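Undergrad: Questions regarding the structure given below will be posed in turn.
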Amino acid sequence: MALDINTVISSETPGAIKLELMGQLDSAGAEDLERAVNQVLEETVEAIIFDLKDMTFLASAGLRIFAKTQRAMTQKGARTLFVNAQPQVRKVFDIVKAVKLSDIFQSYEELDAYLEAMQKG
Amino acid sequence: MEHTIAINPDLAEIREVRAWLEERLTARALQEDLIADMALVTEEVLANVIDYNAPGQGAKIEVELRLSPQRLELVFLDSGIPFNPLEEIANPDLSADAEEREAGGFGFFLVRELTDQVAYQREGGRNRLSVFRDLKESG
């Protein structure tokens, strides 16, 4: 299965665009992700949230896109957050450390608590 | 036990090799995380060969899987220009700030981290990269 990408704009996460990634983010699929991200980068958003709940495979080509996205968003003063990584995918993040590990959240509960604190703060 | 598969130098064909590998390792009842690790190693090695080594048009890349009770070996053979990733790909600087680091080298870094041994040989006009993973601890 290749990579499927859903772009979600929700009132539950104001100012953020969520990208749900489903399937395998491998070397061949990284281009699809880059295209989707580039569209989001044209918008004015405070955060991109990558939901990885249904992502079963992550290769370094995908990590490169994540790292590039985080760089571009940081330059705009915006955040790049990751949630729901499966164990094997989390392992790849942990080994390579291409993105800030503090921007990776285990669950939506954890992410919501963080976003709430950020809005108050 | 030995198995072989050959693909064209095309990133989209790597999925076939991963599926081929996963099927054989699952049949041997190896642990899921080990199978996932080796699928990732396969992805990264083949992507490197295709991206940097540009094998001639129509040149196939061969992958061999060798399994013994103690050890798993994957051999990647391609007829591109001589290319030793052990010498030519530097490890990324993981100590630097995540946003300032060069993005290169992630793939081969994963290969080194997820295997117990990596060996390169130029042999009969082909690059031969072997990766090994011990099976004793993981059953």
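Ordering of the structure tokens sets the chain letters (A, B, ...), residue numbers begin anew at 1 in every chain, and ligands are numbered from 1 in the order given.
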Within 7 Å of chain B, which residues belong to chain A? Use only C-alpha atoms and report them as number ranges by chain.

TA: A: 27-28, 59-60, 64, 71, 96-100

Undergrad: Could you give me, as a PyMOL selection string, the residues within 9 Å of Tyr108 of chain A, counting only C-alpha atoms and dropping anything in the same chain fewer than 4 positions from it?

TA: chain A and resi 83-84+112-113

Undergrad: Calculated over only C-alpha atoms, which of the candidates B:Leu135, B:Ala19, B:Ala6, B:Ala90 has the smallest distance to Arg112 of chain B?

TA: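 Closest candidate: B:Ala90.
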
Undergrad: Pick out the residues sitting within 10 Å of segment 41-43 of chain A, and hand them over as a PyMOL selection string; count only C-alpha atoms, and ignore anything fewer than 6 positions along from it in its own chain.

TA: chain A and resi 17+35+69+72-73+76

Undergrad: Which neighbours of Asp116 of chain B fall inside 8 Å, counting only C-alpha atoms, when residues of the same chain fewer than 4 positions from it are skipped, and could you give them as a PyMOL selection string?

TA: chain B and resi 112+131-134

Undergrad: Give me, please, the distance in Å between atom CA of Glu123 of chain B and atom CA of Glu87 of chain B, quoted to one decimal.

TA: 16.6 Å

Undergrad: Quick one: everything within 12 Å of Pro14 of chain A, counting only C-alpha atoms, minus sequence neighbours fewer than 3 positions away in the same chain. Send it as a PyMOL selection string.

TA: chain A and resi 8-11+17-18+44-49+112+115-116+119

Undergrad: Return the single residue from B:Arg122, B:Arg24, B:His3, B:Lys136 that is closest to Met38 of chain B, with distances computed using only C-alpha atoms.

TA: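 Among B:Arg122, B:Arg24, B:His3, B:Lys136, it is B:Arg24 that comes nearest to Met38 of chain B.
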
Undergrad: Neighbouring residues of Glu16 of chain B were defined as those with any atom within 10 Å, considering only C-alpha atoms; residues of the same chain fewer than 4 positions away were excluded. Please report them as a compact mmCIF listing (two decimals) with C-alpha atoms, in the first residue's frame.

TA:
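Okay, this is what ended up in result_18.txt:
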```txt
# COMPACT_ATOMS: atom_id res chain seq x y z
CA ILE B 5 15.03 -11.33 -6.23
CA ALA B 6 15.98 -8.81 -8.94
CA ILE B 7 14.47 -5.36 -9.62
CA ALA B 12 8.82 2.30 -6.88
CA TRP B 20 9.24 -10.42 -0.77
CA LEU B 21 11.48 -10.15 2.28
CA GLU B 22 8.64 -9.79 4.79
```

Undergrad: Which residues in segment 15-47 of chain A does DSSP call helix (DSSP H, G or I)? List them as JSON, numbers by chain.

TA: {"A": [30, 31, 32, 33, 34, 35, 36, 37, 38, 39, 40, 41]}

Undergrad: Create the file for the chosen residues now, containing C-alpha atoms and written as a PDB file, in the first residue's frame.

TA:
```
ATOM      1  CA  ALA A  30       8.063  10.904  -0.109  1.00  0.00           C
ATOM      2  CA  GLU A  31       7.343  13.078  -3.161  1.00  0.00           C
ATOM      3  CA  ASP A  32       3.583  12.826  -2.560  1.00  0.00           C
ATOM      4  CA  LEU A  33       4.081  14.053   0.979  1.00  0.00           C
ATOM      5  CA  GLU A  34       6.310  16.906  -0.174  1.00  0.00           C
ATOM      6  CA  ARG A  35       3.603  18.094  -2.573  1.00  0.00           C
ATOM      7  CA  ALA A  36       0.945  18.008   0.154  1.00  0.00           C
ATOM      8  CA  VAL A  37       3.206  19.844   2.592  1.00  0.00           C
ATOM      9  CA  ASN A  38       4.096  22.526   0.061  1.00  0.00           C
ATOM     10  CA  GLN A  39       0.391  23.295  -0.336  1.00  0.00           C
ATOM     11  CA  VAL A  40       0.005  23.695   3.420  1.00  0.00           C
ATOM     12  CA  LEU A  41       3.101  25.911   3.576  1.00  0.00           C
TER      13      LEU A  41
END
```

Undergrad: Just asking: which residues within chain A are strand (DSSP E) according to DSSP, as number ranges by chain?

TA: A: 3-9, 16-25, 47-58, 79-83, 104-105

Undergrad: Keeping only N, CA and C atoms, write the selected residues as an mmCIF file, in the first residue's frame.

TA:
```
data_model
loop_
_atom_site.group_PDB
_atom_site.id
_atom_site.type_symbol
_atom_site.label_atom_id
_atom_site.label_comp_id
_atom_site.auth_asym_id
_atom_site.auth_seq_id
_atom_site.Cartn_x
_atom_site.Cartn_y
_atom_site.Cartn_z
ATOM 1 N N LEU A 3 1.221 5.562 0.040
ATOM 2 C CA LEU A 3 0.852 6.544 1.055
ATOM 3 C C LEU A 3 -0.423 7.281 0.656
ATOM 4 N N ASP A 4 -1.385 7.352 1.598
ATOM 5 C CA ASP A 4 -2.570 8.188 1.412
ATOM 6 C C ASP A 4 -2.467 9.357 2.372
ATOM 7 N N ILE A 5 -2.886 10.531 1.895
ATOM 8 C CA ILE A 5 -2.783 11.733 2.722
ATOM 9 C C ILE A 5 -4.134 12.427 2.781
ATOM 10 N N ASN A 6 -4.636 12.647 3.997
ATOM 11 C CA ASN A 6 -5.846 13.448 4.200
ATOM 12 C C ASN A 6 -5.441 14.778 4.807
ATOM 13 N N THR A 7 -5.895 15.871 4.213
ATOM 14 C CA THR A 7 -5.635 17.172 4.821
ATOM 15 C C THR A 7 -6.891 17.600 5.562
ATOM 16 N N VAL A 8 -6.778 17.845 6.870
ATOM 17 C CA VAL A 8 -7.947 18.122 7.699
ATOM 18 C C VAL A 8 -7.818 19.500 8.340
ATOM 19 N N ILE A 9 -8.839 20.341 8.108
ATOM 20 C CA ILE A 9 -8.895 21.626 8.802
ATOM 21 C C ILE A 9 -10.076 21.533 9.752
ATOM 22 N N ALA A 16 -4.463 25.418 13.014
ATOM 23 C CA ALA A 16 -3.598 24.297 12.625
ATOM 24 C C ALA A 16 -4.197 23.532 11.449
ATOM 25 N N ILE A 17 -3.339 22.975 10.631
ATOM 26 C CA ILE A 17 -3.774 22.050 9.586
ATOM 27 C C ILE A 17 -3.206 20.685 9.931
ATOM 28 N N LYS A 18 -4.090 19.694 9.862
ATOM 29 C CA LYS A 18 -3.660 18.338 10.204
ATOM 30 C C LYS A 18 -3.504 17.514 8.931
ATOM 31 N N LEU A 19 -2.390 16.803 8.835
ATOM 32 C CA LEU A 19 -2.198 15.874 7.715
ATOM 33 C C LEU A 19 -2.209 14.458 8.282
ATOM 34 N N GLU A 20 -3.224 13.688 7.889
ATOM 35 C CA GLU A 20 -3.283 12.280 8.315
ATOM 36 C C GLU A 20 -2.552 11.442 7.264
ATOM 37 N N LEU A 21 -1.526 10.746 7.697
ATOM 38 C CA LEU A 21 -0.747 9.930 6.766
ATOM 39 C C LEU A 21 -1.084 8.461 6.979
ATOM 40 N N MET A 22 -1.488 7.803 5.893
ATOM 41 C CA MET A 22 -1.903 6.408 6.013
ATOM 42 C C MET A 22 -1.115 5.532 5.045
ATOM 43 N N GLY A 23 -0.559 4.442 5.549
ATOM 44 C CA GLY A 23 0.178 3.519 4.694
ATOM 45 C C GLY A 23 1.673 3.675 4.872
ATOM 46 N N GLN A 24 2.412 3.550 3.767
ATOM 47 C CA GLN A 24 3.868 3.485 3.843
ATOM 48 C C GLN A 24 4.508 4.761 3.312
ATOM 49 N N LEU A 25 5.268 5.430 4.171
ATOM 50 C CA LEU A 25 6.013 6.606 3.736
ATOM 51 C C LEU A 25 7.426 6.141 3.387
ATOM 52 N N ALA A 47 0.348 25.961 13.007
ATOM 53 C CA ALA A 47 0.940 24.630 13.215
ATOM 54 C C ALA A 47 0.506 23.650 12.129
ATOM 55 N N ILE A 48 1.414 22.750 11.792
ATOM 56 C CA ILE A 48 1.069 21.558 11.009
ATOM 57 C C ILE A 48 1.138 20.394 11.984
ATOM 58 N N ILE A 49 0.078 19.588 11.988
ATOM 59 C CA ILE A 49 0.079 18.392 12.840
ATOM 60 C C ILE A 49 0.081 17.166 11.930
ATOM 61 N N PHE A 50 1.098 16.339 12.042
ATOM 62 C CA PHE A 50 1.133 15.084 11.282
ATOM 63 C C PHE A 50 0.559 13.979 12.165
ATOM 64 N N ASP A 51 -0.586 13.436 11.751
ATOM 65 C CA ASP A 51 -1.178 12.317 12.481
ATOM 66 C C ASP A 51 -0.682 11.007 11.850
ATOM 67 N N LEU A 52 0.068 10.226 12.626
ATOM 68 C CA LEU A 52 0.751 9.043 12.080
ATOM 69 C C LEU A 52 0.090 7.730 12.514
ATOM 70 N N LYS A 53 -1.172 7.840 12.973
ATOM 71 C CA LYS A 53 -1.848 6.661 13.533
ATOM 72 C C LYS A 53 -1.837 5.459 12.576
ATOM 73 N N ASP A 54 -2.085 5.721 11.303
ATOM 74 C CA ASP A 54 -2.185 4.618 10.342
ATOM 75 C C ASP A 54 -0.977 4.526 9.418
ATOM 76 N N MET A 55 0.134 5.107 9.846
ATOM 77 C CA MET A 55 1.358 5.008 9.045
ATOM 78 C C MET A 55 2.140 3.787 9.511
ATOM 79 N N THR A 56 2.398 2.870 8.579
ATOM 80 C CA THR A 56 2.985 1.591 8.966
ATOM 81 C C THR A 56 4.480 1.497 8.671
ATOM 82 N N PHE A 57 4.997 2.463 7.923
ATOM 83 C CA PHE A 57 6.411 2.371 7.530
ATOM 84 C C PHE A 57 6.946 3.772 7.306
ATOM 85 N N LEU A 58 8.133 4.041 7.827
ATOM 86 C CA LEU A 58 8.765 5.348 7.628
ATOM 87 C C LEU A 58 10.217 5.156 7.205
ATOM 88 N N ARG A 79 4.718 25.997 14.248
ATOM 89 C CA ARG A 79 5.146 24.721 14.802
ATOM 90 C C ARG A 79 4.859 23.552 13.868
ATOM 91 N N THR A 80 5.615 22.472 14.054
ATOM 92 C CA THR A 80 5.371 21.209 13.347
ATOM 93 C C THR A 80 5.308 20.120 14.407
ATOM 94 N N LEU A 81 4.146 19.487 14.518
ATOM 95 C CA LEU A 81 3.939 18.518 15.592
ATOM 96 C C LEU A 81 3.571 17.146 15.020
ATOM 97 N N PHE A 82 3.925 16.115 15.771
ATOM 98 C CA PHE A 82 3.676 14.738 15.321
ATOM 99 C C PHE A 82 2.911 14.008 16.417
ATOM 100 N N VAL A 83 1.918 13.213 16.015
ATOM 101 C CA VAL A 83 1.139 12.498 17.025
ATOM 102 C C VAL A 83 0.815 11.074 16.560
ATOM 103 N N ILE A 104 7.059 15.467 19.330
ATOM 104 C CA ILE A 104 6.376 14.206 19.032
ATOM 105 C C ILE A 104 5.520 13.817 20.236
ATOM 106 N N PHE A 105 4.239 13.579 19.989
ATOM 107 C CA PHE A 105 3.307 13.273 21.078
ATOM 108 C C PHE A 105 2.747 11.867 20.909
#
```

Undergrad: Could you jot down the atom CA of Gln70 of chain A to atom CA of Ile95 of chain A separation for me, Å, one decimal place?

TA: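 These two atoms are separated by 17.7 Å.
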
Undergrad: I'd like the interatomic distance between atom CA of Arg126 of chain B and atom CA of Pro82 of chain B, to a tenth of an Å.

TA: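 Going from atom CA of Arg126 of chain B over to atom CA of Pro82 of chain B covers 7.4 Å.
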
Undergrad: Need the shell around Ala119 of chain B: protein/DNA/RNA residues with any atom at most 10 Å away, counting only C-alpha atoms. Skip same-chain ones fewer than 5 positions apart. Format as a VMD selection string?

TA: chain B and resid 75 84 to 86 128 to 132

Undergrad: Create the file for the chosen residues now, containing C-alpha atoms and written as a PDB file, in the first residue's frame.

TA:
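New file out-v9.pdb:
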```pdb
ATOM      1  CA  VAL B  75      23.335  -9.101  -0.060  1.00  0.00           C
ATOM      2  CA  ASN B  84      31.422   2.027  -1.189  1.00  0.00           C
ATOM      3  CA  PRO B  85      28.829   3.606   1.119  1.00  0.00           C
ATOM      4  CA  LEU B  86      30.952   2.738   4.162  1.00  0.00           C
ATOM      5  CA  ARG B 128      28.340  -6.063  -3.317  1.00  0.00           C
ATOM      6  CA  LEU B 129      27.017  -4.757  -0.014  1.00  0.00           C
ATOM      7  CA  SER B 130      26.256  -7.319   2.691  1.00  0.00           C
ATOM      8  CA  VAL B 131      24.422  -6.588   5.910  1.00  0.00           C
ATOM      9  CA  PHE B 132      24.196  -9.011   8.811  1.00  0.00           C
TER      10      PHE B 132
END
```
